[in-house]
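Participant: Below is the structure I would like to discuss, written out as structure tokens.
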Amino acid sequence: MGKIETIGVLTSGGDAPGMNAAIRAVVRTALYQGLKVKGIRRGYAGLLKEEIFDMETHSVSDIIARGGTILYTARCPEFLDVEVQKKAADICRKHGIDGLVVIGGDGSFRGAQALAKQGINTVGVPGTIDLDIACTEYTIGFDTAVNTAMEAIDKVRDTSTSHERCSIIEVMGRHAGFIAMWCGLANGAEDILFPEKYDGDEQELVNRIIIHRKLGKRHHIIVNAEGIGHSASMAKRVEAATGIETRATILGHMQRGGSPTCKDRVYATMMGARAVEILLAGGSNRVVAYKQGEFTDFDIDEALAMQKQVPENMYEVFRKLERF
């Protein structure tokens, strides 16, 4: 690998609070090291369209507190095509990009992996509210998203109690139940439904609601992961089966927005700086991770091969505590 002179940075996939802090850290760490920085708008789609511009220290002024990403983001399914990957690598070389920092989730890392095979030095930074990157205990945006959801569920509980309702509250997490699990524990929910655990036995759910009501419980909070979904129709079925007024609330994309928490700002900053350091040290096809109190990195191939599940002990604790 030759000397790194220019670093590119892009955000890809779903946005996450704290991405701007990571961008800021990449840009300013690189500039501090005497490198040039190229911003790439709209992820891999923008790379293919050459939406590439020079970034200076002022380019990232006053962005650390902002949610979303100043570089914007987009899905790019055509990037699965090898010929498209070759084109993207050629565009990087055309613009003098020696190293590329990709901030996103596992799909974004597959794009970085593909570019590494085409000779572009790449480092991934885990930016996803789902916390579903197996090699790391932390992903940018999760802390903000789970706190946003927790606060919303607290508010729904207040009105649910006032009306003696059952409330089904849907949080994000298409394939992973981390937001649902954490909110279920933090909000003291009576039930948590998420892809890794829920077996679809709605009758068991109905039975627990009825039992809790007989025991004097005046509300019943069900945190439902997006991957289970169908909260509105589920609410109608539960109400018909129990005779208890049941409402569905879908929190949706509000969980992606908002000013990032202190943790998301600090950890994203550390990860962005680490990504530049890895490139300067000759690393490529790497992903930054937080593991056992340290910021480290893994080979992307190794990271993508890992599996991650909601910790069984968290679910066991929930099951012990939710019993009325």
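Labels for the structure tokens follow display order: chains A, B, ..., residues from 1 in each chain, ligands from 1.
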I'd like to know which residues of range 28-111 of chain A are strand (DSSP E) (by DSSP, run on the backbone); could you write them as a PyMOL selection string?
Facilitator: chain A and resi 36-40+52-55+99-104
Participant: Please write the residues from the selection above to a file, keeping C-alpha atoms, as a PDB file, in the first residue's frame.
Facilitator:
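Saved file result-v5.pdb follows:
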```pdb
ATOM      1  CA  LYS A  36      -6.794  15.943   2.109  1.00  0.00           C
ATOM      2  CA  VAL A  37     -10.425  14.961   2.707  1.00  0.00           C
ATOM      3  CA  LYS A  38     -13.160  14.332   0.156  1.00  0.00           C
ATOM      4  CA  GLY A  39     -16.783  14.188   1.266  1.00  0.00           C
ATOM      5  CA  ILE A  40     -19.075  11.892  -0.702  1.00  0.00           C
ATOM      6  CA  ILE A  52     -17.575  14.315  -4.325  1.00  0.00           C
ATOM      7  CA  PHE A  53     -16.310  17.570  -2.818  1.00  0.00           C
ATOM      8  CA  ASP A  54     -13.374  18.888  -0.803  1.00  0.00           C
ATOM      9  CA  MET A  55     -13.840  19.165   2.953  1.00  0.00           C
ATOM     10  CA  GLY A  99      -8.523   5.530   1.685  1.00  0.00           C
ATOM     11  CA  LEU A 100     -12.265   5.452   2.251  1.00  0.00           C
ATOM     12  CA  VAL A 101     -14.141   5.616   5.563  1.00  0.00           C
ATOM     13  CA  VAL A 102     -17.630   4.101   5.338  1.00  0.00           C
ATOM     14  CA  ILE A 103     -20.040   4.900   8.169  1.00  0.00           C
ATOM     15  CA  GLY A 104     -23.030   2.550   8.213  1.00  0.00           C
TER      16      GLY A 104
END
```
Participant: With only C-alpha atoms as the counted atoms, please give the residues lying no more than 10 Å from Gly124 in chain A, apart from itself and same-chain residues fewer than 5 positions off, as a list in words.
Facilitator: Val9, Leu10, Thr11, Leu100, Val101, Val102, Ile103, Gly104, Gly105, Asp106, Ser108, Phe109, Arg110, Gly111, Ala112, Gln113, Met271, Gly272, Ala275, Ser284, Asn285, Arg286, Val287, Val288, Ala289, Asp297, Phe298, Asp299 and Ile300 of chain A
Participant: Select, from A:Ala22, A:Ile91, A:Met150, A:Ile192, the residue with the minimum atom-to-atom distance to Tyr44 in chain A, counting only C-alpha atoms.
Facilitator: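 Going through A:Ala22, A:Ile91, A:Met150, A:Ile192 one by one, the smallest distance to Tyr44 in chain A is for A:Ile91.
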Participant: Excluding Leu31 in chain A and its own-chain neighbours fewer than 2 positions away, which residues fall within 12 Å of it when counting only C-alpha atoms? Please give them as a list of chain:residue names.
Facilitator: A:Glu5, A:Thr6, A:Ile7, A:Gly8, A:Arg24, A:Ala25, A:Val26, A:Val27, A:Arg28, A:Thr29, A:Gln33, A:Gly34, A:Leu35, A:Lys36, A:Val37, A:Lys38, A:Asp54, A:Met55, A:Glu56, A:Thr57, A:His58, A:Ser59, A:Val60, A:Ala273, A:Val276, A:Glu277
Participant: Interatomic distance between CA of Ala145 in chain A and CA of Glu196 in chain A?
Facilitator: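 Interatomic distance here is 19.8 Å.
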Participant: For Gly257 in chain A, list every protein, DNA or RNA residue within 8 Å, evaluated using only C-alpha atoms, and leave out those in the same chain fewer than 6 positions away; present the list as a PyMOL selection string.
Facilitator: chain A and resi 16-17+67-68+145
Participant: Would you write out those residues with N, CA and C atoms, as a compact mmCIF listing (two decimals), in the first residue's frame?
Facilitator:
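What landed in again_37.txt:
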```
# COMPACT_ATOMS: atom_id res chain seq x y z
N ALA A 16 -28.28 7.58 11.48
CA ALA A 16 -28.21 7.32 12.92
C ALA A 16 -27.64 8.54 13.63
N PRO A 17 -28.25 8.96 14.75
CA PRO A 17 -27.70 10.09 15.49
C PRO A 17 -26.26 9.80 15.93
N GLY A 67 -28.57 15.65 14.59
CA GLY A 67 -28.89 14.29 14.20
C GLY A 67 -28.75 14.11 12.70
N GLY A 68 -28.98 12.90 12.21
CA GLY A 68 -28.88 12.63 10.78
C GLY A 68 -27.43 12.66 10.31
N ALA A 145 -31.31 6.49 19.98
CA ALA A 145 -32.57 5.89 19.53
C ALA A 145 -33.31 5.21 20.67
```
Participant: Run DSSP on the backbone and grab whatever in range 62-300 of chain A lands in alpha helix (DSSP H); send it over as a count of residues only.
Facilitator: 100
Participant: Find the residues around Gly141 in chain A up to 7 Å (only C-alpha atoms counted), leave out those fewer than 5 positions away in its own chain, and share them as a PyMOL selection string.
Facilitator: chain A and resi 16-18+127-129+264
Participant: Hey, can you spit out that residue selection with N, CA and C atoms as a PDB file, in the first residue's frame?
Facilitator:
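Wrote part_31.pdb, looks like this:
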```pdb
ATOM      1  N   ALA A  16     -28.276   7.579  11.481  1.00  0.00           N
ATOM      2  CA  ALA A  16     -28.209   7.319  12.916  1.00  0.00           C
ATOM      3  C   ALA A  16     -27.643   8.544  13.626  1.00  0.00           C
ATOM      4  N   PRO A  17     -28.245   8.955  14.748  1.00  0.00           N
ATOM      5  CA  PRO A  17     -27.695  10.089  15.494  1.00  0.00           C
ATOM      6  C   PRO A  17     -26.259   9.796  15.929  1.00  0.00           C
ATOM      7  N   GLY A  18     -25.369  10.726  15.673  1.00  0.00           N
ATOM      8  CA  GLY A  18     -23.957  10.533  15.974  1.00  0.00           C
ATOM      9  C   GLY A  18     -23.110  10.380  14.732  1.00  0.00           C
ATOM     10  N   GLY A 127     -22.357   2.455  12.148  1.00  0.00           N
ATOM     11  CA  GLY A 127     -23.392   3.446  12.386  1.00  0.00           C
ATOM     12  C   GLY A 127     -24.757   2.846  12.108  1.00  0.00           C
ATOM     13  N   THR A 128     -25.445   2.388  13.138  1.00  0.00           N
ATOM     14  CA  THR A 128     -26.780   1.825  12.994  1.00  0.00           C
ATOM     15  C   THR A 128     -27.480   1.840  14.339  1.00  0.00           C
ATOM     16  N   ILE A 129     -28.739   2.264  14.351  1.00  0.00           N
ATOM     17  CA  ILE A 129     -29.467   2.313  15.618  1.00  0.00           C
ATOM     18  C   ILE A 129     -29.840   0.921  16.116  1.00  0.00           C
ATOM     19  N   ASP A 264     -23.271   8.864  22.309  1.00  0.00           N
ATOM     20  CA  ASP A 264     -23.170   8.751  20.862  1.00  0.00           C
ATOM     21  C   ASP A 264     -22.188   9.767  20.279  1.00  0.00           C
TER      22      ASP A 264
END
```
Participant: Env of Ala21 in chain A: 8 Å cut, atoms = only C-alpha atoms, seq-sep filter 6 positions within chain, self excluded. Answer as an mmCIF file with N, CA and C atoms, in the first residue's frame.
Facilitator:
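File written: around.cif
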```
data_model
loop_
_atom_site.group_PDB
_atom_site.id
_atom_site.type_symbol
_atom_site.label_atom_id
_atom_site.label_comp_id
_atom_site.auth_asym_id
_atom_site.auth_seq_id
_atom_site.Cartn_x
_atom_site.Cartn_y
_atom_site.Cartn_z
ATOM 1 N N ILE A 63 -21.633 20.747 13.788
ATOM 2 C CA ILE A 63 -22.488 19.629 13.368
ATOM 3 C C ILE A 63 -22.591 18.536 14.421
ATOM 4 N N ILE A 64 -21.766 18.599 15.457
ATOM 5 C CA ILE A 64 -21.677 17.488 16.408
ATOM 6 C C ILE A 64 -22.994 17.248 17.150
ATOM 7 N N ALA A 65 -23.790 18.302 17.310
ATOM 8 C CA ALA A 65 -25.052 18.166 18.045
ATOM 9 C C ALA A 65 -26.234 17.824 17.144
ATOM 10 N N ARG A 265 -22.115 10.945 20.848
ATOM 11 C CA ARG A 265 -21.165 11.946 20.347
ATOM 12 C C ARG A 265 -19.720 11.533 20.631
ATOM 13 N N VAL A 266 -19.477 11.084 21.855
ATOM 14 C CA VAL A 266 -18.103 10.751 22.248
ATOM 15 C C VAL A 266 -17.622 9.478 21.560
ATOM 16 N N ALA A 268 -18.785 8.027 18.842
ATOM 17 C CA ALA A 268 -18.678 8.234 17.397
ATOM 18 C C ALA A 268 -17.419 9.009 17.050
ATOM 19 N N THR A 269 -17.075 9.981 17.883
ATOM 20 C CA THR A 269 -15.847 10.750 17.676
ATOM 21 C C THR A 269 -14.623 9.844 17.778
ATOM 22 N N GLY A 272 -14.495 7.562 14.655
ATOM 23 C CA GLY A 272 -14.089 8.268 13.444
ATOM 24 C C GLY A 272 -12.600 8.533 13.412
#
```
Participant: Please provide the set of residues having any atom within 12 Å of Gln292 in chain A, restricted to only C-alpha atoms, with same-chain residues fewer than 3 positions apart removed, written as an mmCIF file with C-alpha atoms, in the first residue's frame.
Facilitator:
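After the write, result-v4.cif holds the following:
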```
data_model
loop_
_atom_site.group_PDB
_atom_site.id
_atom_site.type_symbol
_atom_site.label_atom_id
_atom_site.label_comp_id
_atom_site.auth_asym_id
_atom_site.auth_seq_id
_atom_site.Cartn_x
_atom_site.Cartn_y
_atom_site.Cartn_z
ATOM 1 C CA CYS A 135 -18.063 -7.541 16.316
ATOM 2 C CA THR A 136 -18.861 -4.500 18.459
ATOM 3 C CA GLU A 137 -20.687 -3.844 21.711
ATOM 4 C CA TYR A 138 -21.642 -0.349 20.528
ATOM 5 C CA ALA A 289 -15.320 -1.758 17.044
ATOM 6 C CA PHE A 295 -11.777 0.869 20.697
ATOM 7 C CA THR A 296 -10.314 -1.746 18.391
#
```
Participant: Nearest residue to Arg274 in chain A out of A:Ile97, A:Val223, A:Ile23, A:Arg319, using only C-alpha atoms?
Facilitator: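 Of all the options, A:Ile23 lies closest to Arg274 in chain A.
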Participant: Counting only C-alpha atoms, figure out which residue out of A:Arg256, A:His175, A:Arg213, A:Lys308 gets nearest to Ala225 in chain A.
Facilitator: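 The shortest atom-to-atom distance to Ala225 in chain A comes from A:His175.
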Participant: Find, counting only C-alpha atoms, the residue in A:Val171, A:Ile211, A:Ile278, A:Val206 that gets nearest to Leu251 in chain A.
Facilitator: A:Val171
Participant: When distances are computed from only C-alpha atoms, which of A:His230, A:Gly177, A:Lys214, A:Asp98 shows the smallest separation from Thr122 in chain A?
Facilitator: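 Using only C-alpha atoms, the shortest distance to Thr122 in chain A belongs to A:Asp98.
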Participant: Counting only C-alpha atoms, which of A:Gly216, A:Glu245, A:Ile210, A:Gly107 gets nearest to Leu80 in chain A?
Facilitator: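 The answer is A:Gly107, which sits nearest to Leu80 in chain A.
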Participant: What is the distance, in Å and to one decimal place, between CA of Met234 in chain A and CA of His220 in chain A?
Facilitator: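 Interatomic distance, CA of Met234 in chain A to CA of His220 in chain A: 14.0 Å.
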